[in-house]
Every structure is written in structure tokens, then in C-alpha cells.
Amino acid sequence: MTIRIALLALLSHWRKKPGQLLTLIIGLSLATALWSGVQAINAEARASYARASAILGENNLASLVPVDGSTLPLATFIRLQKSGWRTSPVLEGRMRAGSRSIRVIGIEPLTAPAGLAGRAMEAGNGPALNLSAFLTRPGQIRASQKTADLLTDLPDLPPMIVSEQMSDGALLTDIGVAERLLKKSGRISRLLVLPGQRVDRLPLSEAGPGLKLVEPQTESDVSKLTDSFHLNLTAFGLLSFVVGLFIVHGTVGLAFEQRRGMFRTLRTMGLSARHLTVAMVIELLGFALLAGSIGVTLGYVIAASLLPGVAATLRGLYGAEVAGALTFRFEWWAAGLVIALLGTAIAAAGSLLRLWRLPILASAQPRAWAMISGSAMKLQAIAALVLLLLMAMLIGFGSGLVVSFAVLGSMLLGASLALPGLFSMVLWLGQRMARTPLAQWFWADTRQQMPGLSLALMALLLALSANIGVSTMVGSFRTTFTAWLDQRLASEIYVTARDEKQAERLRAWLETRSDAVLPIWSVKLDLAGQPGQLFGIADHATYREKWPLIEKQSGVWDDVAGGAAVLVNEQLSIREQVRTGDLLTLAPGRSLRIAGIYSDYGNPAPQVMVSLALLTKWYPEVSRLRYGVRIEPAKAPALISEIREEFQLDERSLVEQATIKAFSVRVFEQTFAVTDALNVLTLAIAGFAIFTSLLTLATMRLPQLAPVWAMGLTRRKIAVMELLRALLLAVLTALVALPVGLALAWALLALVNVEAFGWRLPMNLFPADWFRLGLFALLATLLAAAIPAWRLSRIAPAELVKVFTNER
Amino acid sequence: MNVKAIALIMMALLLVAGQLHAQGFGGLGTQAEGFAVPKRGVPLEFPGDHGAHDQYRIEWWYLTANLQGADGREYGVQWTLFRSALKPGNGEGWSTPQLWMGHAALTTPDRHFVAETRARGGIGQAGVTTSPFKAWIDDWSLVGRPGGGDQLDALSVKAGNAEFSYDLALNAEGPLVAQGERGYSVKSQSGSASFYYSQPFYRVAGTVNLPEGPVQVTGQAWLDREWSSQPLDSDQQGWDWISLHLDNGAKVMGFQLRSTDGEPYTSATWINPDGRPEPLANGAISMIPLNTTEVSNRTVPVEWAVKLPARKLDIRIRALNPKAWMATSFPYWEGPVSISGSHGGRGYLEMTGY
């Protein structure tokens, strides 16, 4: 008998059970979809980062930057060139366009390394560079279509050339245009060091004192920063995939059991075990490819709908630009199919093994599949124990983001593996306490069913605890964040002057009309090898009373005001492992004691605060445009309209505290919108897993139910008991999920957040959320159990009688 | 020197680092919008004309030297500063339309080193000043040394990159020489022209630095100064240019502009040992390629028969190093040659458009 005929026979099963086929395809598709959707988002984001950093190809070139993090004058560039150095100047900065800030990159195309200017400006999809137009007034701007749209309203911009080589949110132009746009005449941000330098050139200390050589980076800053975010997404994708596999496992197992008779017939007709297995593998392969394709397509849809949210998150949180539109990438299409095949293989491995070993003449054992022996459960319990021990060790001795995720992984897996053992103990207790025979049967039968349901219950546990954990984290974060915003945004009005002259007038004008005018001046500089900010703060009660210090020395504000100490944000203190009392070196000869650490949510970059006097002494050219204005809150709106009238400032330059708060909260909500969406999807998949498992068991359990029915229990009553059983199991699972979820939340807050963002957050509990979630889980289970129960209540008595015949 | 570098500079500066699409030579024949155009009969004035002429589109300071080590080994050195204006005139800082490019080369019988550097005008990275004379780009310079006579009479020149460098002292033993009609050099039948003068009488002493170490050298050098705005006719596809130091003390400058249709346009100047120039009209000099070499996937003639019947000159010139290819943004061939036949001597050959 050929494999082809065997295959046809196998496939005939699905014609009889189209619902099962649907379940299998849907399960596998969903698993693949979430996984590949998450991968698609990650791939798109990474491609965006690569594009952004490739604008200058800085990954390959060393550069010279001022030691103090400021800019360098043109004369330094000329001196270096005359000393034998070969460099190319770059002026970079940010410019406002509407509510967005645009990265302006000014290059000097004549000295730029071969390939640099080409890569950035070369045709691609846009017109080739006309150097003459690029260099001579009014110059040219190169930007992506999206950036160009943002820039259309700005006055005094050179003609725009749309180039899809450019990443969103950045524009490329000649350095001469850039210094005009950024108002940094005669300044240079950094010098790219070209390959092939003369060995006899003057040493840097003589040719460019005050400059330091920065070696090329292997990875862009932004991709380092966002790593944690993507790891987060990946973890979610993996979780959904695992949950999806439970579904596939259930369906494949069910189909196996139902076709036992067919297998036996095929074997007795002469089909070898090998051929039968091959036929089955081919069948599965076909399903995997089909479901994989559907899954990848679905993943594309998921990714496309989530990407705008992800892009907003990454922009708000990290300032990283990610294109809002998805491009189709072959690599994740292929990866999606591979993962579908792999998943099917894992889910079907057990069934295939049994098929291989199936004795020809063994009588049908429809329950054999569902019965896991006591020893298997013991093995599971041991594995659970090992995983939980591993988790404890990782918490105790490990550190780093990957370890944190390993803690999460072993926690969830360990808890799920422990679940069946835990349940059988609870059920055994229930059985012991049961008084009536029916109750005893109920408990015993539930225990008996455990092995078949345990996988689905594990899926539910995973989904529920992930849900509790993540929502607790997000909730804690939200509570802390809003309280922190109230402290941090202490001034009632924030105003930015157009230029230094206006700023001066503004200060004088506000002097008599407000309680206080607090300068908010800062410079960008490298802090511990990362781009950060140095702020100068006035000595004012606002700070003394409200600033969110999480650690401080006595007399902290006097020391900072006197120029003897600094404040650092929590991110810097965690990253550099510095505490109050330690010395912080900002630049050679500028070391100060850390007198306090403040929380600084929503910002992954390091930050330092010194007294205003110190800032202006170190950086006399610091921009003095921003101010916070203190006034009685009730008078704020009136003052705002007065300022607007007097100084003709626009919406962006004159903001009320409430507006900023609203904006910050919006960014925050966007950040976790994606997390929420994934959460819901995972839970939905878990519900589906339970449904398939119950459906599987329902058909197999007739031999157990028939005797009870024969003894006089009505089908209705049996169905109700089935429903009750499902509810009981769901409640038990939810009860276990609660502590697991809280442990997860703790790990997310105390381990992952600290590693990923540099924030430590207090944990808040939200029992109302748990209750809602519990109800949702019960409802899902009830729905899942309803159809099998309803079927049972309607089953023809003849079917039940058949159990006692030999005809099954 | 002639129209040769015109295309070089236009191409090199307009097409950054060869990344962009070449527009072909045709672009050079365009009209000189807003730029000054050389006029017949305008006398050269020094030292003013040693400096930059911002109203003209293109200009160069072009030095070639034939040198020998103490062991008699031959070397060639090239130092060139090109100026190219995107628009006439100057401007402050980055906004100036003046662009600069430097080429430096060192040729030995078996090796040829090339370096290139570019700069914007207006910021001090490159430029030319007079009184005292100084032409520079980055750390490369051609600088007047104090002394009597013309500002170009005594010069120091240096350039180099990671592989090679040189530092030479030049002393003129003759006067400046005006090419063409007292400095007005015609480039085609249709009459396009440039201003062009030379200092071909330098004695040279100094050091060339090769990867294996420094070598003391002496020899002769030739400086060309030329500026123009509308250099090439649309049917001119390239040129062959020579500057020769004959053993009898006379010098010869000659070039032919190869045309896509018909005869090349030629021009030559016989420079007597006392510096008195005798300009020779189109057709007076003939240059016939004898031997070619393959370099950089092109076939380039590296041995020529040169005849100047009016001066009974009938010679062969042969490249010291046939592979003297200038692999710069816009590539061309430039290198030292030796002379045999009716006269002996050394010189430089430049060829473009191959």
C-alpha cells in the first residue's frame, strides 16, 4: 500500500471533522501570528535604527569631540587639517517643527568620507545629488516624505529633496545651512576622522587640545537603549507562542486518538509503521505550512496595527524614530514558517512516537493518550522544583536584563509545571472530604481528567499570571508616575523665549508679575559614556520642597546651591553604581560630591543637576531661553494670556503645567497600549486552548460517563456537573495565578525595570483588577465548557449505550 | 599647462567622490553664466595674478618636478591646487561658492603614489594669498620664501598622505613665461581661451619620503598658472599635454586637444634658455602615440613621437613609469618622461579622456 493512499485515508478524517481541522489551523496560526507579528515589529524598528545611524555611517568612523561635551569652533577644525589631520566636520542638533523635534544633520560633502555623502544623498529613490545646489545658497534639505510633510509649514527653509534613504525625523543638509537652522554659527559638533591618517601628523594634544578621540561604536546608542523594549516584546511573543502550542498539542492528540481504529486497520492491511508515520508527518507538514502562512499573514496584520503605537512609544520613551509603516521583510516571513514547523513538531512529537510504537493487534485504548502516569506527574513536579530553585539562584546571584527575563521565564514555567501536582493534591483532598457517592465520583472523575486538561490549564495559568503581573506593573508605574509628575512639574507655567534678548526682557517683565522665575537651562554632554544632560538650578523653595529626591544627604540643597555638590538622576546612579557621598567627575577637574538622587521617570538618559552659577561658569554660551514661572494656580491662565499678548509667543513656547502633565500621561499610556493589546491576545488564546481541550475530552470521556448515566443520572445533570467542574478548575487556576502574577509583577518592577530603564518602582496592588480578570477567566472557561456540555446534554442515549457494546 | 585640469576639477568637485552619475565631458562646454571670460590683450599683472581670480570659474597652481636621487634614480613629483567656483565671487564662511581640491603624487620607476584632498573656501582650510605668496590646502602648501625678484622665485612645497610625502625647495633660474599671446592662450578653433603663464626654470632640492624611508633629491620643476571660465568645446574629448626640460636649456610646452570629429587642435611654446617665449600656432607641433599600456582598465599611450619642425625637434618621449595613473575623483594619467632623439632631457606628460 502506498503512502499516497495512506495519506488519503488519514486526510479523510478531517473531512468528517472539519471543526477539528479548523481548531488545529486556528491554533497554529494564532501562535505563529503573535510570534511573527512581534518579530516583524522588532525587525522594522531595528531597520529604522540602522537607517538612522547609517545616515553618517558613524559606526565605522572614529570621531573627535570636545571633552566637555560642547561644540568646537571652526578654527579648531582648520588647525587640525593644517596639522596633518584629515577630518570632516559635522554639525548636529534638533530643531522644532510643530510639536515634533527634528534632528538636523549638517555635513560638509567635500571632506566627507567617500561613500558617506553618497550613501546619504545618493539617488536611492530620490534624485541624485546636485552638489552645486546643495552647497550654494539657499542650499538643499534632504528628508523622508514624512519628515518633509512636518517641515512644510516652517518659513525660511531651503528647497526640500525627498529621499527615502533618510530615516524619519531627521534631515540632512550642508553644514552651512545647518548652522543657520540651528543658530550655531561657526560651530561644529564633531569631526569624523577619515581613514588613512598620516603618522607624522601633530598629536591631538597639540593640534586639538580640548578634544578627545571617540572610537567607532559597534552599536548605535539608540539600539542599545531600546534593546530592553524589544526583549520585552519578544518575551510576549514567545509566551503567546507557547500558549498556542498547547492548542496544537491538544488537537493533534485528539485526532490521533480518534484515528486509532483507522491506524490499526491500515496496519493490518499491510502498511508498515514507517510508511504510516511518514504519511502522518507529511500530513502535519502540510498543516504546518498552511497554518504558518496564514499565521505570518495574520502576524503582518497584527504588526501593522500595533506598529504606530510602538513607534509612538519608542519616540516618547527613547527619542528613537521608527517608521510607522511596515515593509514586508523576507526574513521574518521565513522565520514565521520555520517557527510554525518547529511548533508543530514539538506539539506532535508525542503522538508520532506513539504511532511508531503502536502494536498492530493492541485493542483500542482511547483513554491511553490522556492518561499520564503518576511517575510522569512526579517528573513534572521535580522539573518545577528545579526551575523554581534556578529562579531563586538567578535572583540571588545574577544580574542583567537577560537574567531578569530568565527569572521571569523559570518562574512562569516552574509554576505551570507545578500546577498538575498541586491540583491533584487539592482534588484528592476534596475527594477525601466528600460525603455522598456522587460527590466522590465528581472529585475522582475530575482528578482522572486532570492529565488531559493540565496543558490547557497551564496555558490559562500562564496567561492569567502574565496578565496580573503586567497590569500590576503598569498600574504601579502609573500611580508612581502621576505622583512624580506633580512633584516634578512644580512650576505653573513653562515659557521658552525666542532669543536671548527676549529672554532678558521676559525675565524683567515677569519679575513683578509672578512669585518666582526659575531658569531651566541645560547643556548636553556625555555622562559615563552615554549622551546625557547637565542642568543648572536656581536656589529656590520650589526645589527644596518639591523635588522628588529618593536619597539625600543632610543639607543637600545648601550644598548644591553653594556649588559643592550635585544631584544625579536614578538612572545615572544605577548605571554607574554611585550613591550619595560618592564623587562624580563631569569633566577633567570638575569632580563634585553627589548629595542627592532624584527619580526621573520617562527618561532613560543620565542627568545631573548643579547650581545655576556653576553651569553658567562652565558653559557661558548655554542657551538661556527656558523658564518655569511660579504663581498662584488660579492666576496662571490670566498670566499666560498676558505673556502671550506681550511677547507674541506661540503654543509651544508657552505651556501651562496641566498641558504638559496631560501630554506626559498620554505618552505613558501609549507606552503600555501595546503591552495591553498583547495581554488580551494571550488570554484569548488561552481561552481557546481550554475550549479545545474540553472538546477533546468530551468525546473521549463517554466510557466514564456512560456508567454514571446508566446508574440513573440524567444527561442534563451530567452536563451541569461538567460545567461545574470546568468552573472549579478555572477558579483553582486563577487562585494559583494570583501569587504567581504578583511574583511576576515584583520581578518586572524590581528586576526588569531597573535593568531596562534604570527605574526602581514601588509596587502597588490593584485587587479590583484581579477580580475583573478572575471574572473574565471564569467567563472564558464557562464559554469554552458550554459547547461540550450542551452537546453532552443532547447526546443520543444510543451513543451512551454503545459504550457497553463492542462496536466502538 | 592647458585645459587639462579643467575637466578634472569640474568633474571631481561636481561629482563627489565618484558616487554620483557622471555627466560626461559635454558639461564642460557650457556657457560661463555670470563668470568673467578671458579677453585678448589684457596684460598679466604681478604679484596680483599669482593669487586667486574669484570671478573666473576655474584656476590652478600646478607644479611638476623631475628629480634624481644621489644614486641617479629618477623620481617625479606633482603638486596641484585647483580652484573651482560654483558661482562667481566670494562669500563669508560656508556660504562661499569657491571650492578647492589638491592633488599630490610621487612617481618612481616602479611605483606611483597619489593623494587627493578637498576643501571649501571661506573658512581658511584652503586658499591663496600674495605678498607673501602662499597657496595651501590642509597641511599641503606652496609657500614663497623671502628673497628678491618675483614672489614665485623662491618657493617651498610640501604634501603627502599616510604612504608618502615630500618637502622641496624651489629656486627659479629664469623669468616667468607668458604662454600664448602674452598670456592669452587659445584652446580651440572657435576661440575659447584661458590666461596662462609658467615658471619653468626651477632648480629643486629636498626630500621625498617613501614607505621605506627618506631620499634626498635634486632636479628641475615647472609651475603652471592658469585660469579660465569656458574651457572646452563640446566636441573636444580629451587632451595630451607635455612640458619638457631640454638638455640645451630650452623648454617646450605643447598640447593637443583631441576632437571627436577630425584633426586635433594643437598649441606649443618654444621657450629659449633666456626665457624668451616663441608661441607656435595650431598644427606646428605633432604628437603621435607609439606605444600603449593597460592601466586601470584603460589603454593609455605612454610613448610618443613629438615633432616640432620649426625648431628641428624630432624626439621620442617615454614614461618613466607607464602606470602613473592618477586614481583621483576624476582619474587621468600624469607622470615624468624621458626624452631621446634630436634632443635629450626630461619632462612631464599628462593625458585625459582615455
# chains A, B, ... in the order shown; residues from 1 in each chain; ligands from 1
>>> residues_around(residues="Trp333 in chain B", least_positions_apart="2", cutoff="9 Å", atoms="only C-alpha atoms", output="number ranges by chain")
B: 300, 323-327, 331, 335, 349-352, 354
>>> residues_around(residues="Ser286 in chain B", least_positions_apart="3", cutoff="9 Å", atoms="only C-alpha atoms", output="list of chain:residue names")
B:Gln256, B:Thr266, B:Gly283, B:Ala305, B:Val306, B:Lys307, B:Leu308, B:Pro309
>>> residues_around(residues="Val608 in chain A", least_positions_apart="4", cutoff="6 Å", atoms="only C-alpha atoms", output="list in words")
Leu534, Leu567 and Val568 of chain A
>>> closest_atom_pairs(of="chain A", to="chain B", cutoff="6 Å", atoms="only C-alpha atoms", output="Markdown table")
| residue | atom | partner | partner_atom | distance |
| --- | --- | --- | --- | --- |
| A:Ile78 | CA | B:Gln125 | CA | 5.4 |
| A:Gln81 | CA | B:Asp138 | CA | 4.8 |
| A:Lys82 | CA | B:Asp139 | CA | 4.1 |
| A:Ser83 | CA | B:Asp139 | CA | 5.9 |
| A:Gly84 | CA | B:Asp139 | CA | 5.3 |
| A:Leu110 | CA | B:Arg118 | CA | 5.6 |
| A:Thr111 | CA | B:Arg118 | CA | 5.8 |
| A:Ala114 | CA | B:Ala17 | CA | 5.4 |
| A:Gly118 | CA | B:Gln19 | CA | 5.3 |
| A:Leu131 | CA | B:Leu14 | CA | 5.7 |
| A:Thr136 | CA | B:Pro97 | CA | 6.0 |
| A:Gly176 | CA | B:Trp94 | CA | 5.0 |
| A:Gly196 | CA | B:Ala162 | CA | 5.7 |
| A:Gln197 | CA | B:Ala162 | CA | 5.6 |
| A:Arg198 | CA | B:Ala162 | CA | 4.1 |
>>> residues_around(residues="Pro279 in chain B", least_positions_apart="3", cutoff="9 Å", atoms="only C-alpha atoms", output="number ranges by chain")
B: 179-181, 267-271
>>> residues_around(residues="Arg346 in chain B", least_positions_apart="4", cutoff="6 Å", atoms="only C-alpha atoms", output="PyMOL selection string")
chain B and resi 244-245+337-339
>>> write_last_selection(atoms="N, CA, C and O atoms", output="compact mmCIF listing (two decimals), in the first residue's frame")
# COMPACT_ATOMS: atom_id res chain seq x y z
N LEU B 244 58.53 70.07 -21.30
CA LEU B 244 59.82 69.40 -21.46
C LEU B 244 60.97 70.33 -21.07
O LEU B 244 61.00 71.51 -21.44
N HIS B 245 61.92 69.78 -20.29
CA HIS B 245 63.18 70.47 -20.00
C HIS B 245 64.23 69.85 -20.92
O HIS B 245 64.65 68.72 -20.69
N VAL B 337 58.57 61.90 -17.85
CA VAL B 337 59.00 61.22 -19.08
C VAL B 337 60.48 61.54 -19.33
O VAL B 337 61.00 62.55 -18.86
N SER B 338 61.13 60.63 -20.10
CA SER B 338 62.49 60.92 -20.55
C SER B 338 62.43 61.19 -22.05
O SER B 338 61.53 60.74 -22.75
N ILE B 339 63.43 61.95 -22.54
CA ILE B 339 63.43 62.41 -23.94
C ILE B 339 64.64 61.85 -24.67
O ILE B 339 65.76 61.85 -24.14
>>> residues_around(residues="Gly102 in chain B", least_positions_apart="3", cutoff="6 Å", atoms="only C-alpha atoms", output="ChimeraX atom specification")
/B:80-81,116-117
>>> write_last_selection(atoms="N, CA and C atoms", output="short mmCIF file (atom, residue, chain, number, x, y, z; two decimals), in the first residue's frame")
data_model
loop_
_atom_site.label_atom_id
_atom_site.label_comp_id
_atom_site.auth_asym_id
_atom_site.auth_seq_id
_atom_site.Cartn_x
_atom_site.Cartn_y
_atom_site.Cartn_z
N THR B 80 49.38 70.01 -7.02
CA THR B 80 48.39 70.82 -7.71
C THR B 80 47.33 71.32 -6.76
N LEU B 81 47.02 72.60 -6.88
CA LEU B 81 45.88 73.16 -6.17
C LEU B 81 44.90 73.67 -7.22
N GLU B 116 44.75 62.94 -2.60
CA GLU B 116 43.78 63.95 -3.00
C GLU B 116 43.13 64.52 -1.74
N THR B 117 42.84 65.79 -1.77
CA THR B 117 42.10 66.38 -0.65
C THR B 117 41.25 67.51 -1.17
#
>>> atom_distance(atom1="CA of Pro277 in chain B", atom2="CA of Gly48 in chain B")
21.6 Å
>>> atom_distance(atom1="CA of Arg190 in chain A", atom2="CA of Glu92 in chain A")
8.4 Å
>>> atom_distance(atom1="CA of Gly72 in chain B", atom2="CA of Ile242 in chain B")
23.0 Å
